[in-house]
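Visitor: I'd like to ask some things about the structure below.
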Amino acid sequence: NGGATPDNETAAVPVVNFQVRYTLDGEKTEIFLGNDGGDSLRLDNSTALGVRHNFDNLGIMGVRLLFGSSIAATEVYEDPLDATGKRKTTDRTTSGIGLKWEQIMKSNFEIDLRVRKIDIDKDKNGDVFGNAAISKALERDGDMADLKLSYIIPISQSHMLVPFVKYTDNNRDGSARDYTQGDAGLSYIFMTSGLTVATSASGGKSSFNKNNPVFNDKQDTTYWSVGSKVTFAEPFGMKNWNANIGALAAEGNSDISFYSTKVRIAYGSLGYKF
């Protein structure tokens with residue numbers, strides 16, 4: 001029911017983070033393949049293949065194709081509302097395009113636009129109720145677009161702040177799944193030759209267009225997240241290697257408690273630069 005407390009699950013999740021870059025044209029043009037960030041609460045990650053070019057006074061402009069997650073399709077429940085037994089999982093895949101403009105007109109502003117198509121392989125959301133109108137209103141396939149504006153504030157050679165604002169328009173096939181969302185956040189970055197520390201905090205709110213037909217209320221949700229990552233360059237004298245440790249806490253508190261989400265992540269990784 002809508003007032004029930006969600007189940008807690010603890011799991012180890014393998015993640016492959018990688019960046020492959022090739023520079024040409026007098027180091028002004030770069031072709032890249034790698035991770036494209038994501039949403040920790042929704043475990044929504046993408047891989048990007050693209051090109052970026054330095055247009056001098058105009059800034060650095062890039063275009064990239066976005067697809068899938070960092071390793072494979074993300075698994076979601078076929079029908080999250082089915083409480084009659086063990087829920088079955090299905091694949092959630094994404095594909096789209098991203099446009100990014102860095103150092104706009106030689107400034108510290110940066111703008112990033114992503115437009116993606118969301119596909120749920122076997123979307124049976126709400127089918128447990130046997131009502132075609134409910135299932136139609138809860139369909140999760142559709143389109144998502146987000147626009148992010150950020151600004152780099154140098155404090156000193158080793159310290160910087162990066163505030164951002166972000167707007168998301170989520171247009172799904174089900175009318176009860178459509179929403180818009182606004183976010184704002186701030187990152188603090190400390191860098192030396194052997195150590196990088198990045199700490200960030202953000203918050204936001206989503207506003208749904210129509211009531212959820214099962215709970216007769218809108219799924220409006222308030223979000224927050226805090227996280228930190230520490231990177232050690234060439235630990236223990238290991239040439240070209242880096243070690244990373246980090247932690248993240250994030251929550252989404254929905255007007256429909258069934259959809260409230262809480263995530264706690266701790267991780268460690270090793271990277272190698274060719």
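Naming scheme: A, B, ... for chains in displayed order of the structure tokens; residues 1 onward per chain; ligands 1 onward as shown.
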So which residues touch Thr84 in chain A within 12 Å, counting only C-alpha atoms, skipping near sequence neighbours fewer than 6 positions away, as JSON, numbers by chain?

Guide: {"A": [127, 128, 129]}

Visitor: Store the residues of this selection in a file with C-alpha atoms, as a CSV table (one decimal), in the first residue's frame.

Guide:
```
chain,number,residue,atom,x,y,z
A,127,ASP,CA,-1.0,-5.0,-14.9
A,128,VAL,CA,-1.5,-6.7,-11.5
A,129,PHE,CA,-4.8,-4.8,-11.1
```

Visitor: Residues within 10 Å of Ala266 in chain A, please, as a PyMOL selection string. Count only C-alpha atoms; anything in the same chain fewer than 5 positions from it doesn't count.

Guide: chain A and resi 12+227-229+245-249

Visitor: Report as a ChimeraX atom specification: the residues of range 58-157 of chain A with a DSSP assignment of alpha helix (DSSP H), based on the backbone of this structure.

Guide: /A:132-137

Visitor: Put those residues in a file: all heavy atoms, as an mmCIF file, in the first residue's frame.

Guide:
```cif
data_model
loop_
_atom_site.group_PDB
_atom_site.id
_atom_site.type_symbol
_atom_site.label_atom_id
_atom_site.label_comp_id
_atom_site.auth_asym_id
_atom_site.auth_seq_id
_atom_site.Cartn_x
_atom_site.Cartn_y
_atom_site.Cartn_z
ATOM 1 N N ALA A 132 -7.003 -1.938 -17.829
ATOM 2 C CA ALA A 132 -6.239 -1.411 -18.962
ATOM 3 C C ALA A 132 -5.948 0.079 -18.805
ATOM 4 O O ALA A 132 -4.875 0.557 -19.199
ATOM 5 C CB ALA A 132 -6.986 -1.667 -20.262
ATOM 6 N N ALA A 133 -6.875 0.827 -18.225
ATOM 7 C CA ALA A 133 -6.679 2.271 -18.059
ATOM 8 C C ALA A 133 -5.547 2.571 -17.079
ATOM 9 O O ALA A 133 -4.753 3.499 -17.284
ATOM 10 C CB ALA A 133 -7.978 2.924 -17.587
ATOM 11 N N ILE A 134 -5.453 1.775 -16.000
ATOM 12 C CA ILE A 134 -4.374 1.950 -15.032
ATOM 13 C C ILE A 134 -3.029 1.629 -15.679
ATOM 14 O O ILE A 134 -2.059 2.390 -15.553
ATOM 15 C CB ILE A 134 -4.600 1.064 -13.798
ATOM 16 C CG1 ILE A 134 -5.774 1.601 -12.967
ATOM 17 C CG2 ILE A 134 -3.338 0.987 -12.938
ATOM 18 C CD1 ILE A 134 -6.103 0.751 -11.755
ATOM 19 N N SER A 135 -2.964 0.512 -16.394
ATOM 20 C CA SER A 135 -1.713 0.119 -17.045
ATOM 21 C C SER A 135 -1.267 1.169 -18.057
ATOM 22 O O SER A 135 -0.069 1.491 -18.149
ATOM 23 C CB SER A 135 -1.883 -1.235 -17.740
ATOM 24 O OG SER A 135 -2.163 -2.259 -16.795
ATOM 25 N N LYS A 136 -2.221 1.726 -18.817
ATOM 26 C CA LYS A 136 -1.888 2.742 -19.813
ATOM 27 C C LYS A 136 -1.330 3.989 -19.144
ATOM 28 O O LYS A 136 -0.331 4.570 -19.613
ATOM 29 C CB LYS A 136 -3.131 3.088 -20.628
ATOM 30 C CG LYS A 136 -2.920 4.204 -21.652
ATOM 31 C CD LYS A 136 -1.867 3.838 -22.688
ATOM 32 C CE LYS A 136 -1.669 4.957 -23.695
ATOM 33 N NZ LYS A 136 -0.560 4.652 -24.645
ATOM 34 N N ALA A 137 -1.930 4.426 -18.056
ATOM 35 C CA ALA A 137 -1.485 5.646 -17.365
ATOM 36 C C ALA A 137 -0.113 5.491 -16.733
ATOM 37 O O ALA A 137 0.567 6.497 -16.475
ATOM 38 C CB ALA A 137 -2.509 6.042 -16.301
#
```

Visitor: Give me, as a ChimeraX atom specification, all polymer residues having an atom no more than 8 Å from Gly126 in chain A, counting only C-alpha atoms and skipping those fewer than 3 positions away in the same chain.

Guide: /A:79-82,129-131,134-135,138

Visitor: What is the CA of Gln19 in chain A-CA of Gly62 in chain A distance in Å, reported with one decimal?

Guide: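 For CA of Gln19 in chain A relative to CA of Gly62 in chain A, the distance reads 15.5 Å.
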
Visitor: Counting only C-alpha atoms, which of A:Phe18, A:Val226, A:Glu102, A:Asp91 gets nearest to Tyr272 in chain A?

Guide: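 Nearest candidate to Tyr272 in chain A out of A:Phe18, A:Val226, A:Glu102, A:Asp91: A:Phe18.
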
Visitor: Skip Phe109 in chain A itself and residues of its chain fewer than 5 positions away, then list as a list in words all residues within 7 Å of it, counting only C-alpha atoms.

Guide: Glu102, Gln103, Ile104, Ser150, Tyr151 and Ile152 of chain A

Visitor: Identify which of the residues A:Tyr22, A:Tyr179, A:Phe215, A:Phe55 lies closest to Asp143 in chain A, counting only C-alpha atoms when measuring atom-to-atom distances.

Guide: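 So, comparing all the options, the nearest one is A:Tyr179.
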
Visitor: Between CA of Thr94 in chain A and CA of Leu66 in chain A, what distance in Å does the model show, to one decimal?

Guide: 7.6 Å
